[in-house]
Structure formats: structure tokens, C-alpha cells
Amino acid sequence: MGKGLSLWFSCSSILLLTAASISISSNLWLALLLGVLCIMNIGWGFILKARLRRKAEAKAQQPS
């Protein structure tokens with residue numbers, strides 16, 4: 001995974017968790033929704049990283 005994409009996933013997760021922590025005092029359901037979205041965002045980042053790694057490994061194993 002490239003540095004830009006890694007930075008995007010880390011910053012978006014931080015923003016989602018920050019928004020969730022702020023919304024805890026006003027709306028619990030919104031906080032739970034933002035927390036779930038953050039977990040899904042982190043999971044999507046890991047899935048994308050694994051797919052890109054597998055694609056790069058398959059490309060490296062092909063004979064030229």
C-alpha cells in the first residue's frame with residue numbers, strides 16, 4: 001500500500017473516532033454509528049492492503 005493511501009486511512013480513522021468521541025455527550029446512537037464506521041474503515045484498509053500485496057506477489061512470480 002502506498003504512503004498516500006496509508007495516510008488517507010489513518011487520517012480518516014482518526015477523524016471518525018474524534019467525531020465519535022465528541023458525539024458521545026450529545027447522541028449515543030450517532031457515536032455508535034461513527035464507531036462502527038471507523039471499524040469498517042480500518043477493516044477496509046486491511047482488506048485493500050492484503051489485496052494489493054497479493055496482486056504484487058502474483059505479478060512478481062510471473063515469468064517475464
# chains A, B, ... in the order shown; residues from 1 in each chain; ligands from 1
call {"tool": "residues_around", "arguments": {"residues": "Ser10 in chain A", "least_positions_apart": "2", "cutoff": "12 Å", "atoms": "only C-alpha atoms", "output": "PyMOL selection string"}}
result
chain A and resi 3-8+12-17+38-39+41-46
call {"tool": "write_last_selection", "arguments": {"atoms": "N, CA, C and O atoms", "output": "PDB file, in the first residue's frame"}}
result
ATOM      1  N   LYS A   3       2.127   5.205   0.426  1.00  0.00           N
ATOM      2  CA  LYS A   3       2.125   6.091   1.593  1.00  0.00           C
ATOM      3  C   LYS A   3       0.891   6.984   1.623  1.00  0.00           C
ATOM      4  O   LYS A   3       0.325   7.243   2.686  1.00  0.00           O
ATOM      5  N   GLY A   4       0.476   7.449   0.460  1.00  0.00           N
ATOM      6  CA  GLY A   4      -0.696   8.320   0.403  1.00  0.00           C
ATOM      7  C   GLY A   4      -1.962   7.611   0.839  1.00  0.00           C
ATOM      8  O   GLY A   4      -2.784   8.176   1.580  1.00  0.00           O
ATOM      9  N   LEU A   5      -2.122   6.380   0.395  1.00  0.00           N
ATOM     10  CA  LEU A   5      -3.303   5.607   0.766  1.00  0.00           C
ATOM     11  C   LEU A   5      -3.286   5.253   2.255  1.00  0.00           C
ATOM     12  O   LEU A   5      -4.315   5.307   2.931  1.00  0.00           O
ATOM     13  N   SER A   6      -2.121   4.931   2.768  1.00  0.00           N
ATOM     14  CA  SER A   6      -1.992   4.659   4.207  1.00  0.00           C
ATOM     15  C   SER A   6      -2.321   5.895   5.025  1.00  0.00           C
ATOM     16  O   SER A   6      -3.009   5.814   6.054  1.00  0.00           O
ATOM     17  N   LEU A   7      -1.848   7.040   4.562  1.00  0.00           N
ATOM     18  CA  LEU A   7      -2.136   8.298   5.254  1.00  0.00           C
ATOM     19  C   LEU A   7      -3.631   8.590   5.230  1.00  0.00           C
ATOM     20  O   LEU A   7      -4.203   9.032   6.227  1.00  0.00           O
ATOM     21  N   TRP A   8      -4.279   8.320   4.101  1.00  0.00           N
ATOM     22  CA  TRP A   8      -5.717   8.541   3.989  1.00  0.00           C
ATOM     23  C   TRP A   8      -6.486   7.692   5.001  1.00  0.00           C
ATOM     24  O   TRP A   8      -7.360   8.192   5.705  1.00  0.00           O
ATOM     25  N   SER A  12      -8.510   9.353   8.108  1.00  0.00           N
ATOM     26  CA  SER A  12      -9.964   9.198   8.126  1.00  0.00           C
ATOM     27  C   SER A  12     -10.419   8.436   9.375  1.00  0.00           C
ATOM     28  O   SER A  12     -11.461   8.756   9.949  1.00  0.00           O
ATOM     29  N   SER A  13      -9.636   7.470   9.814  1.00  0.00           N
ATOM     30  CA  SER A  13      -9.988   6.747  11.042  1.00  0.00           C
ATOM     31  C   SER A  13      -9.889   7.653  12.259  1.00  0.00           C
ATOM     32  O   SER A  13     -10.739   7.607  13.157  1.00  0.00           O
ATOM     33  N   ILE A  14      -8.866   8.480  12.304  1.00  0.00           N
ATOM     34  CA  ILE A  14      -8.719   9.420  13.415  1.00  0.00           C
ATOM     35  C   ILE A  14      -9.887  10.396  13.441  1.00  0.00           C
ATOM     36  O   ILE A  14     -10.448  10.690  14.506  1.00  0.00           O
ATOM     37  N   LEU A  15     -10.276  10.901  12.271  1.00  0.00           N
ATOM     38  CA  LEU A  15     -11.399  11.838  12.217  1.00  0.00           C
ATOM     39  C   LEU A  15     -12.706  11.174  12.647  1.00  0.00           C
ATOM     40  O   LEU A  15     -13.506  11.790  13.366  1.00  0.00           O
ATOM     41  N   LEU A  16     -12.922   9.946  12.215  1.00  0.00           N
ATOM     42  CA  LEU A  16     -14.142   9.242  12.623  1.00  0.00           C
ATOM     43  C   LEU A  16     -14.168   8.991  14.127  1.00  0.00           C
ATOM     44  O   LEU A  16     -15.211   9.176  14.779  1.00  0.00           O
ATOM     45  N   LEU A  17     -13.050   8.584  14.700  1.00  0.00           N
ATOM     46  CA  LEU A  17     -13.007   8.350  16.145  1.00  0.00           C
ATOM     47  C   LEU A  17     -13.143   9.654  16.938  1.00  0.00           C
ATOM     48  O   LEU A  17     -13.767   9.675  18.001  1.00  0.00           O
ATOM     49  N   CYS A  38     -15.875   3.638  11.737  1.00  0.00           N
ATOM     50  CA  CYS A  38     -14.424   3.659  11.905  1.00  0.00           C
ATOM     51  C   CYS A  38     -13.847   2.248  11.845  1.00  0.00           C
ATOM     52  O   CYS A  38     -12.826   2.020  11.184  1.00  0.00           O
ATOM     53  N   ILE A  39     -14.494   1.310  12.514  1.00  0.00           N
ATOM     54  CA  ILE A  39     -14.026  -0.078  12.476  1.00  0.00           C
ATOM     55  C   ILE A  39     -14.097  -0.625  11.060  1.00  0.00           C
ATOM     56  O   ILE A  39     -13.180  -1.314  10.592  1.00  0.00           O
ATOM     57  N   ASN A  41     -13.889   1.173   8.326  1.00  0.00           N
ATOM     58  CA  ASN A  41     -12.839   1.867   7.576  1.00  0.00           C
ATOM     59  C   ASN A  41     -11.478   1.205   7.812  1.00  0.00           C
ATOM     60  O   ASN A  41     -10.719   0.989   6.863  1.00  0.00           O
ATOM     61  N   ILE A  42     -11.186   0.872   9.045  1.00  0.00           N
ATOM     62  CA  ILE A  42      -9.921   0.199   9.357  1.00  0.00           C
ATOM     63  C   ILE A  42      -9.883  -1.181   8.698  1.00  0.00           C
ATOM     64  O   ILE A  42      -8.871  -1.574   8.102  1.00  0.00           O
ATOM     65  N   GLY A  43     -10.982  -1.912   8.777  1.00  0.00           N
ATOM     66  CA  GLY A  43     -11.060  -3.222   8.140  1.00  0.00           C
ATOM     67  C   GLY A  43     -10.892  -3.140   6.637  1.00  0.00           C
ATOM     68  O   GLY A  43     -10.202  -3.966   6.021  1.00  0.00           O
ATOM     69  N   TRP A  44     -11.510  -2.140   6.019  1.00  0.00           N
ATOM     70  CA  TRP A  44     -11.377  -1.947   4.577  1.00  0.00           C
ATOM     71  C   TRP A  44      -9.927  -1.659   4.207  1.00  0.00           C
ATOM     72  O   TRP A  44      -9.425  -2.138   3.179  1.00  0.00           O
ATOM     73  N   GLY A  45      -9.240  -0.913   5.051  1.00  0.00           N
ATOM     74  CA  GLY A  45      -7.816  -0.638   4.811  1.00  0.00           C
ATOM     75  C   GLY A  45      -6.983  -1.906   4.834  1.00  0.00           C
ATOM     76  O   GLY A  45      -6.112  -2.111   3.982  1.00  0.00           O
ATOM     77  N   PHE A  46      -7.249  -2.787   5.808  1.00  0.00           N
ATOM     78  CA  PHE A  46      -6.515  -4.056   5.872  1.00  0.00           C
ATOM     79  C   PHE A  46      -6.841  -4.953   4.678  1.00  0.00           C
ATOM     80  O   PHE A  46      -5.958  -5.615   4.131  1.00  0.00           O
TER      81      PHE A  46
END
call {"tool": "closest_residue", "arguments": {"among": "A:Met1, A:Ala56, A:Ala19, A:Ala50", "to": "Leu32 in chain A", "atoms": "only C-alpha atoms"}}
result
A:Ala19
call {"tool": "atom_distance", "arguments": {"atom1": "CA of Ser21 in chain A", "atom2": "CA of Val36 in chain A"}}
result
12.5 Å
call {"tool": "atom_distance", "arguments": {"atom1": "CA of Phe9 in chain A", "atom2": "CA of Leu48 in chain A"}}
result
10.5 Å
call {"tool": "atom_distance", "arguments": {"atom1": "CA of Leu33 in chain A", "atom2": "CA of Thr18 in chain A"}}
result
12.7 Å
call {"tool": "decode", "arguments": {"residues": "range 9-23 of chain A", "atoms": "all heavy atoms", "output": "mmCIF file, in the first residue's frame"}}
result
data_model
loop_
_atom_site.group_PDB
_atom_site.id
_atom_site.type_symbol
_atom_site.label_atom_id
_atom_site.label_comp_id
_atom_site.auth_asym_id
_atom_site.auth_seq_id
_atom_site.Cartn_x
_atom_site.Cartn_y
_atom_site.Cartn_z
ATOM 1 N N PHE A 9 -6.169 6.405 5.089
ATOM 2 C CA PHE A 9 -6.875 5.531 6.011
ATOM 3 C C PHE A 9 -6.606 5.924 7.466
ATOM 4 O O PHE A 9 -7.514 5.887 8.300
ATOM 5 C CB PHE A 9 -6.511 4.064 5.777
ATOM 6 C CG PHE A 9 -7.279 3.450 4.653
ATOM 7 C CD1 PHE A 9 -6.663 3.150 3.460
ATOM 8 C CD2 PHE A 9 -8.626 3.187 4.782
ATOM 9 C CE1 PHE A 9 -7.369 2.595 2.412
ATOM 10 C CE2 PHE A 9 -9.351 2.632 3.740
ATOM 11 C CZ PHE A 9 -8.716 2.338 2.553
ATOM 12 N N SER A 10 -5.395 6.294 7.789
ATOM 13 C CA SER A 10 -5.109 6.674 9.175
ATOM 14 C C SER A 10 -5.811 7.973 9.550
ATOM 15 O O SER A 10 -6.420 8.067 10.621
ATOM 16 C CB SER A 10 -3.602 6.781 9.406
ATOM 17 O OG SER A 10 -3.058 7.808 8.616
ATOM 18 N N CYS A 11 -5.764 8.964 8.676
ATOM 19 C CA CYS A 11 -6.416 10.249 8.985
ATOM 20 C C CYS A 11 -7.932 10.120 9.034
ATOM 21 O O CYS A 11 -8.583 10.706 9.906
ATOM 22 C CB CYS A 11 -6.014 11.300 7.959
ATOM 23 S SG CYS A 11 -4.313 11.832 8.121
ATOM 24 N N SER A 12 -8.510 9.353 8.108
ATOM 25 C CA SER A 12 -9.964 9.198 8.126
ATOM 26 C C SER A 12 -10.419 8.436 9.375
ATOM 27 O O SER A 12 -11.461 8.756 9.949
ATOM 28 C CB SER A 12 -10.447 8.503 6.856
ATOM 29 O OG SER A 12 -9.913 7.211 6.744
ATOM 30 N N SER A 13 -9.636 7.470 9.814
ATOM 31 C CA SER A 13 -9.988 6.747 11.042
ATOM 32 C C SER A 13 -9.889 7.653 12.259
ATOM 33 O O SER A 13 -10.739 7.607 13.157
ATOM 34 C CB SER A 13 -9.087 5.534 11.216
ATOM 35 O OG SER A 13 -9.297 4.612 10.182
ATOM 36 N N ILE A 14 -8.866 8.480 12.304
ATOM 37 C CA ILE A 14 -8.719 9.420 13.415
ATOM 38 C C ILE A 14 -9.887 10.396 13.441
ATOM 39 O O ILE A 14 -10.448 10.690 14.506
ATOM 40 C CB ILE A 14 -7.372 10.157 13.332
ATOM 41 C CG1 ILE A 14 -6.233 9.201 13.653
ATOM 42 C CG2 ILE A 14 -7.343 11.364 14.262
ATOM 43 C CD1 ILE A 14 -4.856 9.765 13.383
ATOM 44 N N LEU A 15 -10.276 10.901 12.271
ATOM 45 C CA LEU A 15 -11.399 11.838 12.217
ATOM 46 C C LEU A 15 -12.706 11.174 12.647
ATOM 47 O O LEU A 15 -13.506 11.790 13.366
ATOM 48 C CB LEU A 15 -11.531 12.419 10.813
ATOM 49 C CG LEU A 15 -10.444 13.400 10.397
ATOM 50 C CD1 LEU A 15 -10.614 13.806 8.934
ATOM 51 C CD2 LEU A 15 -10.475 14.631 11.287
ATOM 52 N N LEU A 16 -12.922 9.946 12.215
ATOM 53 C CA LEU A 16 -14.142 9.242 12.623
ATOM 54 C C LEU A 16 -14.168 8.991 14.127
ATOM 55 O O LEU A 16 -15.211 9.176 14.779
ATOM 56 C CB LEU A 16 -14.271 7.923 11.868
ATOM 57 C CG LEU A 16 -14.743 8.019 10.421
ATOM 58 C CD1 LEU A 16 -14.563 6.683 9.718
ATOM 59 C CD2 LEU A 16 -16.189 8.460 10.361
ATOM 60 N N LEU A 17 -13.050 8.584 14.700
ATOM 61 C CA LEU A 17 -13.007 8.350 16.145
ATOM 62 C C LEU A 17 -13.143 9.654 16.938
ATOM 63 O O LEU A 17 -13.767 9.675 18.001
ATOM 64 C CB LEU A 17 -11.714 7.637 16.532
ATOM 65 C CG LEU A 17 -11.688 6.141 16.256
ATOM 66 C CD1 LEU A 17 -10.323 5.564 16.619
ATOM 67 C CD2 LEU A 17 -12.766 5.432 17.040
ATOM 68 N N THR A 18 -12.574 10.728 16.410
ATOM 69 C CA THR A 18 -12.718 12.033 17.065
ATOM 70 C C THR A 18 -14.175 12.471 17.050
ATOM 71 O O THR A 18 -14.706 12.944 18.066
ATOM 72 C CB THR A 18 -11.839 13.084 16.375
ATOM 73 O OG1 THR A 18 -10.487 12.643 16.406
ATOM 74 C CG2 THR A 18 -11.954 14.434 17.042
ATOM 75 N N ALA A 19 -14.826 12.317 15.905
ATOM 76 C CA ALA A 19 -16.240 12.679 15.814
ATOM 77 C C ALA A 19 -17.090 11.805 16.742
ATOM 78 O O ALA A 19 -18.030 12.293 17.372
ATOM 79 C CB ALA A 19 -16.713 12.547 14.375
ATOM 80 N N ALA A 20 -16.752 10.527 16.839
ATOM 81 C CA ALA A 20 -17.490 9.637 17.733
ATOM 82 C C ALA A 20 -17.311 10.051 19.188
ATOM 83 O O ALA A 20 -18.271 10.060 19.965
ATOM 84 C CB ALA A 20 -17.037 8.190 17.537
ATOM 85 N N SER A 21 -16.095 10.408 19.557
ATOM 86 C CA SER A 21 -15.865 10.799 20.950
ATOM 87 C C SER A 21 -16.560 12.119 21.286
ATOM 88 O O SER A 21 -17.036 12.296 22.403
ATOM 89 C CB SER A 21 -14.369 10.897 21.231
ATOM 90 O OG SER A 21 -13.789 11.941 20.484
ATOM 91 N N ILE A 22 -16.643 13.024 20.335
ATOM 92 C CA ILE A 22 -17.345 14.287 20.573
ATOM 93 C C ILE A 22 -18.851 14.047 20.679
ATOM 94 O O ILE A 22 -19.530 14.655 21.511
ATOM 95 C CB ILE A 22 -17.014 15.296 19.455
ATOM 96 C CG1 ILE A 22 -15.549 15.735 19.567
ATOM 97 C CG2 ILE A 22 -17.937 16.501 19.496
ATOM 98 C CD1 ILE A 22 -15.046 16.541 18.396
ATOM 99 N N SER A 23 -19.365 13.154 19.852
ATOM 100 C CA SER A 23 -20.817 12.945 19.829
ATOM 101 C C SER A 23 -21.328 12.075 20.979
ATOM 102 O O SER A 23 -22.540 11.954 21.153
ATOM 103 C CB SER A 23 -21.230 12.327 18.492
ATOM 104 O OG SER A 23 -20.724 11.026 18.380
#
